[in-house]
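Okay, coords.txt is below, compact mmCIF, C-alpha atoms:
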# COMPACT_ATOMS: atom_id res chain seq x y z
CA MET A 1 124.19 113.24 73.03
CA ASN A 2 120.71 111.85 73.73
CA GLN A 3 118.25 113.03 71.05
CA ALA A 4 115.09 111.73 72.71
CA GLN A 5 112.20 114.20 72.54
CA ILE A 6 110.28 114.95 75.73
CA LEU A 7 107.03 116.86 76.26
CA VAL A 8 106.82 118.68 79.62
CA VAL A 9 103.27 119.62 80.63
CA ASP A 10 102.92 121.90 83.69
CA ASP A 11 100.92 125.07 84.32
CA GLU A 12 103.55 126.48 86.70
CA PRO A 13 106.05 128.51 84.59
CA ASP A 14 108.93 128.15 87.06
CA ILE A 15 108.69 124.36 87.21
CA ARG A 16 108.12 124.06 83.48
CA GLU A 17 111.17 126.13 82.59
CA LEU A 18 113.37 124.55 85.25
CA VAL A 19 112.59 121.01 84.04
CA ARG A 20 113.19 122.08 80.45
CA ASP A 21 116.57 123.62 81.27
CA ILE A 22 117.68 120.53 83.19
CA LEU A 23 116.64 118.15 80.42
CA GLU A 24 118.15 120.28 77.64
CA ASP A 25 121.44 120.40 79.57
CA GLU A 26 121.36 116.58 79.48
CA GLY A 27 120.99 116.62 75.69
CA TYR A 28 117.25 115.97 75.35
CA LYS A 29 114.98 117.81 72.96
CA VAL A 30 112.17 119.39 74.95
CA ASP A 31 108.71 120.70 74.07
CA VAL A 32 106.63 122.45 76.73
CA ALA A 33 102.90 122.94 77.24
CA GLU A 34 101.38 125.29 79.79
CA ASN A 35 97.94 123.65 79.92
CA GLY A 36 95.97 120.61 78.87
CA GLN A 37 94.74 121.99 75.57
CA THR A 38 98.25 122.88 74.41
CA ALA A 39 99.47 119.45 75.54
CA ARG A 40 96.71 117.77 73.54
CA LYS A 41 97.72 119.59 70.35
CA SER A 42 101.44 118.94 70.86
CA PHE A 43 100.83 115.26 71.59
CA ALA A 44 98.81 114.89 68.38
CA LYS A 45 101.25 116.87 66.24
CA HIS A 46 104.65 115.53 67.34
CA THR A 47 106.18 112.14 68.09
CA HIS A 48 107.56 112.12 71.62
CA ASP A 49 109.67 109.58 73.47
CA LEU A 50 108.29 110.62 76.86
CA VAL A 51 105.66 112.90 78.41
CA LEU A 52 106.09 114.44 81.87
CA LEU A 53 102.49 115.27 82.76
CA ASP A 54 101.22 117.40 85.63
CA ILE A 55 97.94 116.37 87.28
CA TRP A 56 96.38 119.68 88.27
CA MET A 57 95.88 122.22 85.49
CA PRO A 58 93.24 124.92 85.04
CA ASP A 59 91.57 123.55 81.90
CA VAL A 60 92.11 119.79 81.47
CA ASP A 61 93.60 117.67 84.26
CA GLY A 62 96.37 115.16 83.60
CA ILE A 63 94.26 112.09 84.37
CA THR A 64 91.69 113.16 81.76
CA LEU A 65 94.45 113.55 79.17
CA LEU A 66 95.90 110.17 80.13
CA LYS A 67 92.47 108.54 79.70
CA GLU A 68 92.08 110.19 76.31
CA TRP A 69 95.50 109.10 75.06
CA SER A 70 95.33 105.56 76.43
CA SER A 71 91.85 104.95 74.99
CA GLN A 72 93.18 105.18 71.44
CA GLY A 73 94.80 101.76 71.27
CA GLY A 74 97.37 102.36 74.03
CA LEU A 75 99.82 105.16 74.80
CA ALA A 76 102.15 106.19 71.98
CA CYS A 77 105.01 106.73 74.46
CA PRO A 78 105.67 106.38 78.20
CA VAL A 79 103.97 108.95 80.43
CA VAL A 80 105.26 109.94 83.87
CA ILE A 81 102.73 111.69 86.10
CA MET A 82 103.94 114.60 88.27
CA SER A 83 101.94 115.95 91.19
CA GLY A 84 102.49 118.11 94.24
CA HIS A 85 99.30 116.79 95.83
CA GLY A 86 99.45 113.09 95.05
CA SER A 87 97.36 110.39 96.66
CA VAL A 88 97.21 106.61 96.58
CA GLU A 89 93.99 106.76 94.57
CA THR A 90 95.50 109.09 91.97
CA ALA A 91 98.61 106.93 91.65
CA ILE A 92 96.48 103.81 91.21
CA GLU A 93 94.32 105.48 88.58
CA ALA A 94 97.35 106.77 86.67
CA THR A 95 99.00 103.35 86.68
CA ARG A 96 95.76 101.67 85.63
CA LEU A 97 95.63 103.97 82.61
CA GLY A 98 99.14 103.00 81.55
CA ALA A 99 101.38 105.63 83.18
CA HIS A 100 105.00 104.46 83.47
CA ASP A 101 105.54 106.07 86.88
CA PHE A 102 104.07 108.54 89.35
CA VAL A 103 106.28 111.06 91.18
CA GLN A 104 105.56 113.79 93.69
CA LYS A 105 106.93 117.32 93.63
CA PRO A 106 109.37 118.66 94.53
CA ILE A 107 111.39 116.19 92.46
CA SER A 108 115.09 115.89 93.11
CA LEU A 109 117.39 116.34 90.12
CA ALA A 110 118.88 112.85 90.46
CA ARG A 111 115.45 111.18 90.72
CA LEU A 112 114.07 113.15 87.76
CA LEU A 113 116.93 112.14 85.46
CA SER A 114 116.76 108.53 86.64
CA ILE A 115 113.03 108.28 85.94
CA VAL A 116 113.39 109.96 82.55
CA SER A 117 116.16 107.58 81.51
CA GLN A 118 114.28 104.49 82.70
CA ALA A 119 111.03 105.53 81.02
CA ILE A 120 112.65 106.28 77.67
CA ASP A 121 114.57 102.98 77.76
CA ALA A 122 111.35 101.10 78.55
CA GLY A 123 109.57 102.78 75.66
CA ARG A 124 112.35 101.97 73.20
CA LYS A 125 112.59 98.34 74.34
CA ALA A 126 108.86 97.92 73.82
CA GLY A 127 109.34 98.88 70.18
CA LYS A 128 105.67 99.87 69.89
CA PRO A 129 103.15 102.08 71.66
CA ARG A 130 102.88 101.19 75.31
CA ALA A 131 99.58 99.46 75.99
CA SER A 132 97.45 100.30 78.97
CA THR A 133 98.20 98.16 82.01
CA SER A 134 94.59 98.23 83.10
CA PRO A 135 93.70 94.93 84.74
CA VAL A 136 90.38 94.80 82.92
CA PRO A 137 90.04 91.47 81.11
CA VAL A 138 89.43 91.43 77.37
CA GLU A 139 87.30 88.30 77.60
CA PRO A 140 84.38 88.85 79.99
CA ILE A 141 84.99 86.70 83.07
CA GLY A 142 82.44 84.30 84.51
CA SER A 143 81.40 80.66 84.20
CA SER A 144 77.72 81.26 84.96
CA ALA A 145 75.12 80.35 82.37
CA GLN A 146 74.40 84.05 81.74
CA MET A 147 78.01 84.80 80.88
CA GLN A 148 78.41 81.75 78.67
CA VAL A 149 75.38 82.84 76.64
CA LEU A 150 76.67 86.42 76.49
CA ARG A 151 80.12 85.37 75.23
CA ASN A 152 78.53 83.17 72.55
CA LYS A 153 76.36 86.06 71.35
CA ALA A 154 79.35 88.42 71.38
CA GLU A 155 81.36 85.97 69.27
CA GLN A 156 78.51 85.77 66.77
CA ALA A 157 78.23 89.56 66.64
CA ALA A 158 81.98 89.91 66.06
CA GLU A 159 81.70 87.98 62.79
CA HIS A 160 79.70 90.81 61.25
CA LYS A 161 80.22 94.54 60.84
CA LEU A 162 76.68 95.47 61.82
CA PRO A 163 76.07 97.95 64.67
CA VAL A 164 76.01 96.51 68.19
CA LEU A 165 74.12 97.97 71.16
CA ILE A 166 75.27 96.84 74.61
CA THR A 167 72.90 97.51 77.51
CA GLY A 168 73.44 97.03 81.21
CA GLU A 169 74.07 98.86 84.47
CA LYS A 170 77.02 101.15 85.08
CA GLY A 171 80.16 99.27 86.03
CA SER A 172 78.85 95.96 84.69
CA GLY A 173 81.49 95.67 81.96
CA ARG A 174 79.85 97.21 78.89
CA GLU A 175 83.06 98.82 77.63
CA ASN A 176 85.02 95.62 78.16
CA LEU A 177 82.43 93.65 76.19
CA ALA A 178 82.75 96.20 73.37
CA ARG A 179 86.54 95.70 73.36
CA PHE A 180 85.96 91.93 73.32
CA VAL A 181 83.75 92.19 70.21
CA HIS A 182 86.34 94.47 68.57
CA ALA A 183 89.22 92.10 69.39
CA LEU A 184 87.38 89.10 67.96
CA GLY A 185 86.45 90.86 64.73
CA ALA A 186 88.42 90.21 61.58
CA HIS A 187 88.20 93.85 60.53
CA GLY A 188 91.25 95.11 62.48
CA GLY A 189 91.83 98.82 63.01
CA ASP A 190 91.81 100.83 66.24
CA PHE A 191 89.25 100.92 69.02
CA ILE A 192 88.21 104.58 69.20
CA MET A 193 86.05 105.64 72.15
CA MET A 194 83.93 108.78 72.14
CA ASP A 195 84.69 111.13 75.05
CA HIS A 196 81.56 112.85 76.39
CA ALA A 197 83.71 115.61 77.89
CA GLU A 198 84.44 116.75 74.32
CA LEU A 199 80.80 116.89 73.24
CA SER A 200 79.87 120.42 74.30
CA ASP A 201 77.92 122.29 71.63
CA ASP A 202 80.90 124.59 71.00
CA ASN A 203 83.35 121.73 70.47
CA ALA A 204 81.25 118.82 69.19
CA ARG A 205 81.61 119.54 65.47
CA ALA A 206 85.40 119.89 65.53
CA TYR A 207 85.76 116.85 67.81
CA LEU A 208 83.56 114.58 65.68
CA LEU A 209 84.23 115.91 62.17
CA GLY A 210 87.61 117.63 62.52
CA ASN A 211 88.47 121.10 61.27
CA GLU A 212 90.00 122.54 58.13
CA ALA A 213 93.31 124.39 58.21
CA GLY A 214 92.92 128.08 58.91
CA SER A 215 93.02 130.73 61.62
CA GLY A 216 96.51 129.63 62.58
CA GLU A 217 95.41 126.06 63.31
CA GLU A 218 96.47 122.94 61.48
CA LYS A 219 93.91 120.64 59.92
CA THR A 220 92.86 117.92 62.34
CA ALA A 221 90.90 114.73 61.77
CA GLY A 222 87.65 114.17 63.64
CA LEU A 223 86.69 111.16 65.68
CA LEU A 224 84.63 109.63 62.87
CA ALA A 225 87.63 109.74 60.55
CA LEU A 226 89.96 108.31 63.21
CA ALA A 227 87.65 105.31 63.60
CA ARG A 228 87.84 104.42 59.91
CA ASN A 229 88.75 100.74 59.38
CA GLY A 230 88.34 100.13 63.10
CA THR A 231 85.65 100.38 65.78
CA LEU A 232 83.87 103.49 67.02
CA PHE A 233 82.57 102.98 70.55
CA ILE A 234 79.86 105.34 71.84
CA PRO A 235 79.52 104.87 75.63
CA ASP A 236 76.29 105.87 77.40
CA LEU A 237 74.30 106.59 74.26
CA GLN A 238 71.54 108.25 76.29
CA GLU A 239 73.98 110.98 77.33
CA VAL A 240 74.69 112.16 73.77
CA ARG A 241 72.69 115.40 73.49
CA GLY A 242 72.43 118.72 71.69
CA GLU A 243 74.72 119.45 68.74
CA ALA A 244 76.61 116.19 69.21
CA LEU A 245 73.42 114.15 68.88
CA LYS A 246 72.52 116.02 65.68
CA ILE A 247 75.91 115.28 64.12
CA VAL A 248 75.98 111.61 65.17
CA ALA A 249 72.36 111.02 64.13
CA ARG A 250 73.03 112.63 60.75
CA ALA A 251 76.13 110.47 60.24
CA PHE A 252 74.09 107.34 60.99
CA GLU A 253 70.81 108.37 59.39
CA SER A 254 70.78 105.26 57.22
CA GLU A 255 72.39 101.84 57.09
CA LYS A 256 74.31 102.98 54.01
CA ALA A 257 75.69 105.92 55.94
CA ILE A 258 77.02 103.59 58.66
CA THR A 259 78.60 101.36 56.03
CA GLY A 260 80.08 104.42 54.34
CA LEU A 261 81.95 105.31 57.52
CA ASP A 262 83.87 102.06 57.01
CA CYS A 263 83.99 101.24 60.71
CA ARG A 264 82.15 99.04 63.16
CA VAL A 265 79.86 101.02 65.47
CA ILE A 266 79.30 99.76 69.02
CA ALA A 267 77.24 101.74 71.51
CA SER A 268 76.44 101.13 75.15
CA ALA A 269 73.48 102.34 77.17
CA GLY A 270 71.61 101.83 80.41
CA ALA A 271 68.66 99.48 80.52
CA ASP A 272 66.38 102.54 80.49
CA ILE A 273 67.61 103.74 77.09
CA LEU A 274 64.11 103.45 75.58
CA ASP A 275 62.70 105.79 78.23
CA HIS A 276 65.28 108.39 77.20
CA ALA A 277 64.65 107.72 73.51
CA ARG A 278 60.91 108.33 73.85
CA GLU A 279 61.66 111.87 75.04
CA ASP A 280 63.84 112.72 72.01
CA SER A 281 62.87 111.67 68.50
CA ARG A 282 66.43 112.05 67.21
CA LEU A 283 67.80 109.79 69.95
CA GLN A 284 64.99 107.34 69.24
CA GLN A 285 65.92 107.12 65.56
CA LEU A 286 69.59 106.67 66.45
CA TYR A 287 68.69 103.96 68.96
CA TYR A 288 66.86 101.93 66.33
CA ARG A 289 69.71 102.40 63.82
CA LEU A 290 72.26 101.04 66.29
CA ASN A 291 70.17 98.35 67.98
CA VAL A 292 70.82 95.79 65.23
CA LEU A 293 72.78 93.26 67.29
CA PRO A 294 71.71 93.72 70.93
CA LEU A 295 73.82 92.40 73.82
CA GLN A 296 72.71 92.69 77.46
CA VAL A 297 75.27 92.49 80.25
CA PRO A 298 73.82 91.01 83.47
CA ALA A 299 74.30 92.83 86.75
CA LEU A 300 76.84 91.21 89.05
CA ARG A 301 74.19 90.60 91.73
CA ASP A 302 72.36 88.40 89.22
CA ARG A 303 75.34 86.07 88.80
CA PRO A 304 76.84 85.64 92.30
CA ASP A 305 78.61 82.41 91.31
CA ASP A 306 80.98 84.51 89.17
CA VAL A 307 82.13 86.66 92.11
CA PRO A 308 84.87 84.31 93.47
CA GLU A 309 86.28 83.96 89.94
CA LEU A 310 86.41 87.74 89.50
CA VAL A 311 87.99 88.20 92.93
CA ARG A 312 90.71 85.67 92.10
CA PHE A 313 91.34 87.34 88.74
CA TYR A 314 91.93 90.80 90.22
CA ALA A 315 93.83 89.42 93.23
CA GLU A 316 96.26 87.78 90.79
CA THR A 317 96.35 90.57 88.19
CA PHE A 318 97.02 93.61 90.38
CA PRO A 319 100.28 92.19 91.80
CA ASN A 320 101.56 91.73 88.23
CA SER A 321 100.30 95.00 86.74
CA GLU A 322 100.86 97.34 89.71
CA ASN A 323 103.47 95.54 91.81
CA LEU A 324 101.04 95.08 94.69
CA PRO A 325 101.42 92.26 97.23
CA TYR A 326 99.57 89.06 96.46
CA ARG A 327 96.90 88.06 98.99
CA SER A 328 94.44 85.21 98.71
CA PHE A 329 90.89 85.62 100.03
CA SER A 330 89.58 83.32 102.76
CA VAL A 331 86.55 81.17 102.03
CA ALA A 332 84.49 83.26 104.46
CA ALA A 333 85.60 86.47 102.72
CA GLN A 334 84.71 85.07 99.29
CA ASN A 335 81.35 83.90 100.58
CA ARG A 336 80.61 87.37 101.95
CA LEU A 337 81.53 88.98 98.65
CA ARG A 338 79.45 86.44 96.79
CA ASN A 339 76.41 87.57 98.77
CA HIS A 340 77.04 91.30 98.50
CA SER A 341 74.54 93.16 96.28
CA TRP A 342 77.25 94.99 94.25
CA PRO A 343 75.39 98.19 93.32
CA GLY A 344 78.57 99.29 91.52
CA ASN A 345 78.93 95.92 89.76
CA ILE A 346 82.37 94.76 88.54
CA ARG A 347 83.85 98.25 88.93
CA GLU A 348 83.00 98.18 92.64
CA LEU A 349 84.48 94.69 93.04
CA ARG A 350 87.69 95.63 91.21
CA ASN A 351 88.16 98.76 93.32
CA LEU A 352 87.50 96.85 96.53
CA VAL A 353 90.10 94.17 95.73
CA GLN A 354 92.58 96.87 94.76
CA ARG A 355 91.99 98.75 98.01
CA LEU A 356 92.46 95.60 100.10
CA LEU A 357 95.79 94.86 98.37
CA VAL A 358 97.04 98.45 98.71
CA LEU A 359 95.93 99.21 102.26
CA GLY A 360 95.58 95.74 103.81
CA GLY A 361 98.04 93.76 105.85
CA ASP A 362 99.85 90.50 105.16
CA GLY A 363 98.47 87.04 104.66
CA GLU A 364 94.99 85.95 103.76
CA VAL A 365 92.23 88.56 103.39
CA SER A 366 89.84 87.96 106.27
CA LEU A 367 86.10 88.34 106.53
CA GLY A 368 86.61 91.24 108.94
CA GLU A 369 88.69 93.16 106.41
CA VAL A 370 86.04 92.61 103.76
CA GLU A 371 83.27 93.79 106.07
CA GLU A 372 85.18 96.96 106.91
CA ALA A 373 85.98 97.63 103.25
CA LEU A 374 82.34 97.18 102.25
CA GLN A 375 81.22 99.63 104.93
CA GLN A 376 83.70 102.20 103.63
CA SER A 377 82.57 101.79 100.02
CA PRO A 378 79.86 104.24 99.02
CA ALA A 379 77.27 102.63 96.79
CA GLU A 380 77.74 103.81 93.22
CA PRO A 381 74.79 105.71 91.74
CA ASN A 382 72.88 103.47 89.42
CA GLY A 383 69.95 104.47 87.32
CA ASN A 384 68.39 101.05 87.78
CA VAL A 385 68.52 100.94 91.58
CA THR A 386 65.47 102.18 93.46
CA ASP A 387 65.21 103.46 97.02
CA HIS A 388 64.71 100.02 98.58
CA PRO A 389 67.58 97.93 100.03
CA PRO A 390 69.69 96.19 97.33
CA PHE A 391 68.81 92.68 98.54
CA PHE A 392 65.17 93.35 97.57
CA ASN A 393 66.33 92.45 94.05
CA LEU A 394 67.46 88.96 95.13
CA PRO A 395 65.46 85.73 95.35
CA LEU A 396 63.80 85.24 98.74
CA ARG A 397 66.36 82.75 100.12
CA GLU A 398 69.35 84.90 99.17
CA ALA A 399 67.64 88.08 100.37
CA ARG A 400 66.93 86.46 103.75
CA GLU A 401 70.56 85.28 104.05
CA GLN A 402 71.92 88.72 103.23
CA PHE A 403 69.60 90.42 105.70
CA GLU A 404 70.52 87.93 108.44
CA ARG A 405 74.21 88.39 107.73
CA GLU A 406 74.11 92.18 107.83
CA TYR A 407 71.85 92.15 110.88
CA LEU A 408 74.04 89.73 112.86
CA VAL A 409 77.30 91.52 111.94
CA TYR A 410 75.75 94.79 113.09
CA LYS A 411 74.50 93.28 116.36
CA LEU A 412 77.83 91.51 116.93
CA LYS A 413 79.67 94.83 116.73
CA GLU A 414 77.10 96.32 119.08
CA ALA A 415 77.87 93.46 121.49
CA GLY A 416 81.59 94.23 121.33
CA GLY A 417 82.33 90.94 119.57
CA SER A 418 80.88 88.80 122.37
CA VAL A 419 78.82 85.91 121.03
CA GLY A 420 77.26 85.45 124.47
CA LYS A 421 75.95 89.02 124.51
CA LEU A 422 74.89 88.64 120.88
CA ALA A 423 72.82 85.56 121.78
CA GLU A 424 71.04 87.54 124.50
CA SER A 425 70.49 90.50 122.18
CA VAL A 426 68.95 88.54 119.31
CA GLY A 427 67.13 85.98 121.49
CA MET A 428 68.87 82.86 120.19
CA GLU A 429 70.34 79.87 121.99
CA ARG A 430 74.13 80.10 121.77
CA THR A 431 74.65 76.73 120.04
CA HIS A 432 72.11 77.62 117.35
CA LEU A 433 73.69 81.04 117.00
CA TYR A 434 77.16 79.57 116.41
CA ARG A 435 75.72 77.35 113.69
CA LYS A 436 73.99 80.33 112.11
CA LEU A 437 77.19 82.41 112.14
CA ARG A 438 79.16 79.60 110.52
CA ALA A 439 76.46 79.04 107.89
CA LEU A 440 76.53 82.74 106.99
CA GLY A 441 80.34 82.87 106.90
CA ILE A 442 80.60 85.28 109.84
CA ASP A 443 83.84 85.02 111.83
CA SER A 444 83.13 86.54 115.24
CA LYS A 445 86.83 87.10 115.88
CA ASN A 446 87.30 89.23 112.74
CA ALA A 447 83.96 91.01 112.58
CA MET A 448 85.00 94.02 114.65
CA VAL A 449 85.70 97.32 113.00
CA SER A 450 88.99 99.03 113.76
CA GLY A 451 89.07 100.89 117.04
CA GLU A 452 86.72 98.45 118.84
CA THR A 453 87.81 95.73 121.21
CA ARG A 454 86.12 92.50 122.16
CA LYS A 455 84.60 92.39 125.64
Structure translated into structure tokens:
Amino acid sequence: MNQAQILVVDDEPDIRELVRDILEDEGYKVDVAENGQTARKSFAKHTHDLVLLDIWMPDVDGITLLKEWSSQGGLACPVVIMSGHGSVETAIEATRLGAHDFVQKPISLARLLSIVSQAIDAGRKAGKPRASTSPVPVEPIGSSAQMQVLRNKAEQAAEHKLPVLITGEKGSGRENLARFVHALGAHGGDFIMMDHAELSDDNARAYLLGNEAGSGEEKTAGLLALARNGTLFIPDLQEVRGEALKIVARAFESEKAITGLDCRVIASAGADILDHAREDSRLQQLYYRLNVLPLQVPALRDRPDDVPELVRFYAETFPNSENLPYRSFSVAAQNRLRNHSWPGNIRELRNLVQRLLVLGGDGEVSLGEVEEALQQSPAEPNGNVTDHPPFFNLPLREAREQFEREYLVYKLKEAGGSVGKLAESVGMERTHLYRKLRALGIDSKNAMVSGETRK
């Protein structure tokens, strides 16, 4: 009889009880949780061989729980996501966070038992907690001068246990740089990341400091205790407010206090952190306590030479980590991506490559596919981006090239893909126009959006 222990998390009583009955009939030990909060407590209290986790629940969704569990040094056991309203994006996100599989309801009995058996076997063969399969590199990628300097500074910072403050735009790789510093350090321990969703005034104290046994609850350790002998990472320092800011500031009110925590403290923040700090004296004091070893991550638009290297990395990594088809990117496609302004930075690039591999066709990724994908990608909000076009932040030559590229692609689509009509529209001689299109990496045959035909 199989004695593996499984946690079933689902807010629908009928499904929860049905799955439990089926699994118990097969000889498994089964715990159940009717919501996210109960699942969180059960996951922390017991050692499971597998978690069957529903996505949509009234209090805490399954993806949030998966993020929380995978951020603490990898998942302690395989997790299979269940959803009656699945999507490609949700499946990708779950897999990125380390989920073993993603299945849609209603689940057939044979498929359920097959997935359970495979997941438990995979967990046992691993012999250790399953690490996240996120294709985010530990070592920051890029051969540009900016990235070489940044890696050198990070390596120097890793030799010490002093606080590190990483600044940069959203999506630029601040968390990855923090993990890089942690991995290089000789201090060991876990990488513990603060979750802003847990920092409400009602919950902040218990989350950060833990709670004593009483009122029917078991004693639990707080985040500061969990980070002992490891690294505590505080993302988006400027967003720590209210009761949470009081507790964190009090814990770090002196250098001795930080040392007493017996953990490395790394925080990240936007480039405008000082503006936020000036409005809150407690945040200002905390900023100066943590800004001992500063590291600044450059925006992707400021290091365009690194874009082809990042594209190749994700194009090669996603097929291995998520069983996606491998597709190389044409030179024209890489050149277009190199000249994109990337308001969402590396996160935007990673998502775009992932989308092209999931939804694209066969063979080489063309310039046309890239143009269409860029048009469908909403610019990520960024506190450092003003209301002017993104290429205003580029040097004059690069800004002119980007404007000409976007202008000519737009006019080419207006002309139905006809270079002759485009030449008339923009007032250029056709031979000169062809040279300009080639110089800008624009392929007139692939520049049409879906649904349009060349005339």
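Going from atom CA of Arg301 of chain A to atom CA of Trp342 of chain A covers 5.9 Å.
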(request) Using all atoms listed in the file, pick whichever of A:Leu237, A:Leu283, A:Phe403, A:Gly361 has the shortest atom-to-atom distance to Arg250 of chain A. (result) A:Leu283
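Take the candidates A:Ala110, A:Ala249, A:Leu199, A:Ile346 and check each one against Arg174 of chain A using all atoms listed in the file; the shortest distance goes to A:Ile346.
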(request) Tell me which of A:Gln334, A:Ile92, A:Tyr434, A:Ile166 sits closest to Leu422 of chain A, counting all atoms listed in the file. (result) A:Tyr434
(request) Up to 8 Å from (76.0, 93.4, 96.4) in the file's coordinates: name the residues, counting only C-alpha atoms, as a list of chain:residue names. (result)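 Final list of nearby residues, as requested, is A:Leu300, A:Arg301, A:Leu337, A:Arg338, A:Asn339, A:His340, A:Ser341, A:Trp342, A:Pro343, A:Asn345, A:Pro390, A:Phe391.
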(request) Write out as JSON, numbers by chain the residues lying within 9 Å of Val353 of chain A, counting all atoms listed in the file and excluding same-chain residues fewer than 4 positions away. (result) {"A": [311, 314, 315, 318, 348, 349, 357, 358]}
Name the residues in contact with Asp236 of chain A at a cut-off of 6 Å, using all atoms listed in the file, excluding same-chain residues fewer than 2 positions from it; report them as a PDB file with C-alpha atoms, in the coordinates of the input.
ATOM      1  CA  GLN A 238      71.540 108.250  76.290  1.00  0.00           C
ATOM      2  CA  GLU A 239      73.980 110.980  77.330  1.00  0.00           C
ATOM      3  CA  SER A 268      76.440 101.130  75.150  1.00  0.00           C
ATOM      4  CA  ALA A 269      73.480 102.340  77.170  1.00  0.00           C
TER       5      ALA A 269
END
(message) Calculated over all atoms listed in the file, which of the candidates A:Arg350, A:Arg241, A:Arg336, A:Arg264 has the smallest distance to Met193 of chain A?
(response) A:Arg264
(request) Quick one: everything within 6 Å of segment 45-48 of chain A, counting all atoms listed in the file, minus sequence neighbours fewer than 3 positions away in the same chain. Send it as a list of chain:residue names. (result)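 Listing them by chain and then by number gives A:Gln5, A:Ile6, A:Ser42.
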(message) Using all atoms listed in the file for the distances, tell me which of A:Val116, A:Val19, A:Gly142, A:Val79 is nearest to Arg303 of chain A.
(response) A:Gly142
(request) Check the smallest atom-to-atom distance from each of A:Arg96, A:Arg347, A:Arg289, A:Arg327 to Asp362 of chain A using only C-alpha atoms, then report the winner. (result) A:Arg327
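Pairwise distance (atom CA of Ile63 of chain A, atom CA of His196 of chain A) equals 15.0 Å.
Across the structure, atom CA of Glu364 of chain A and atom CA of Ser330 of chain A are spaced 6.1 Å apart.
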Output as a CSV table (one decimal), in the frame of the given file: segment 169-183 of chain A, completed with N, CA and C atoms.
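Final output, selection.csv:
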chain,number,residue,atom,x,y,z
A,169,GLU,N,73.8,97.8,83.4
A,169,GLU,CA,74.1,98.9,84.5
A,169,GLU,C,75.5,99.4,84.4
A,170,LYS,N,75.7,100.6,85.0
A,170,LYS,CA,77.0,101.2,85.1
A,170,LYS,C,77.9,100.2,85.9
A,171,GLY,N,79.2,100.1,85.3
A,171,GLY,CA,80.2,99.3,86.0
A,171,GLY,C,80.0,97.8,85.8
A,172,SER,N,79.1,97.4,84.9
A,172,SER,CA,78.8,96.0,84.7
A,172,SER,C,79.8,95.4,83.6
A,173,GLY,N,80.5,96.2,82.9
A,173,GLY,CA,81.5,95.7,82.0
A,173,GLY,C,81.1,95.9,80.5
A,174,ARG,N,80.3,96.9,80.3
A,174,ARG,CA,79.8,97.2,78.9
A,174,ARG,C,81.0,97.6,78.0
A,175,GLU,N,81.9,98.4,78.5
A,175,GLU,CA,83.1,98.8,77.6
A,175,GLU,C,84.0,97.6,77.4
A,176,ASN,N,84.2,96.8,78.4
A,176,ASN,CA,85.0,95.6,78.2
A,176,ASN,C,84.4,94.7,77.1
A,177,LEU,N,83.1,94.5,77.2
A,177,LEU,CA,82.4,93.6,76.2
A,177,LEU,C,82.6,94.2,74.8
A,178,ALA,N,82.5,95.6,74.7
A,178,ALA,CA,82.8,96.2,73.4
A,178,ALA,C,84.2,95.9,72.9
A,179,ARG,N,85.2,96.0,73.8
A,179,ARG,CA,86.5,95.7,73.4
A,179,ARG,C,86.7,94.2,73.0
A,180,PHE,N,85.9,93.4,73.6
A,180,PHE,CA,86.0,91.9,73.3
A,180,PHE,C,85.4,91.7,71.9
A,181,VAL,N,84.3,92.3,71.6
A,181,VAL,CA,83.8,92.2,70.2
A,181,VAL,C,84.7,92.7,69.2
A,182,HIS,N,85.3,93.9,69.5
A,182,HIS,CA,86.3,94.5,68.6
A,182,HIS,C,87.5,93.5,68.4
A,183,ALA,N,88.0,93.0,69.5
A,183,ALA,CA,89.2,92.1,69.4
A,183,ALA,C,88.9,90.8,68.6
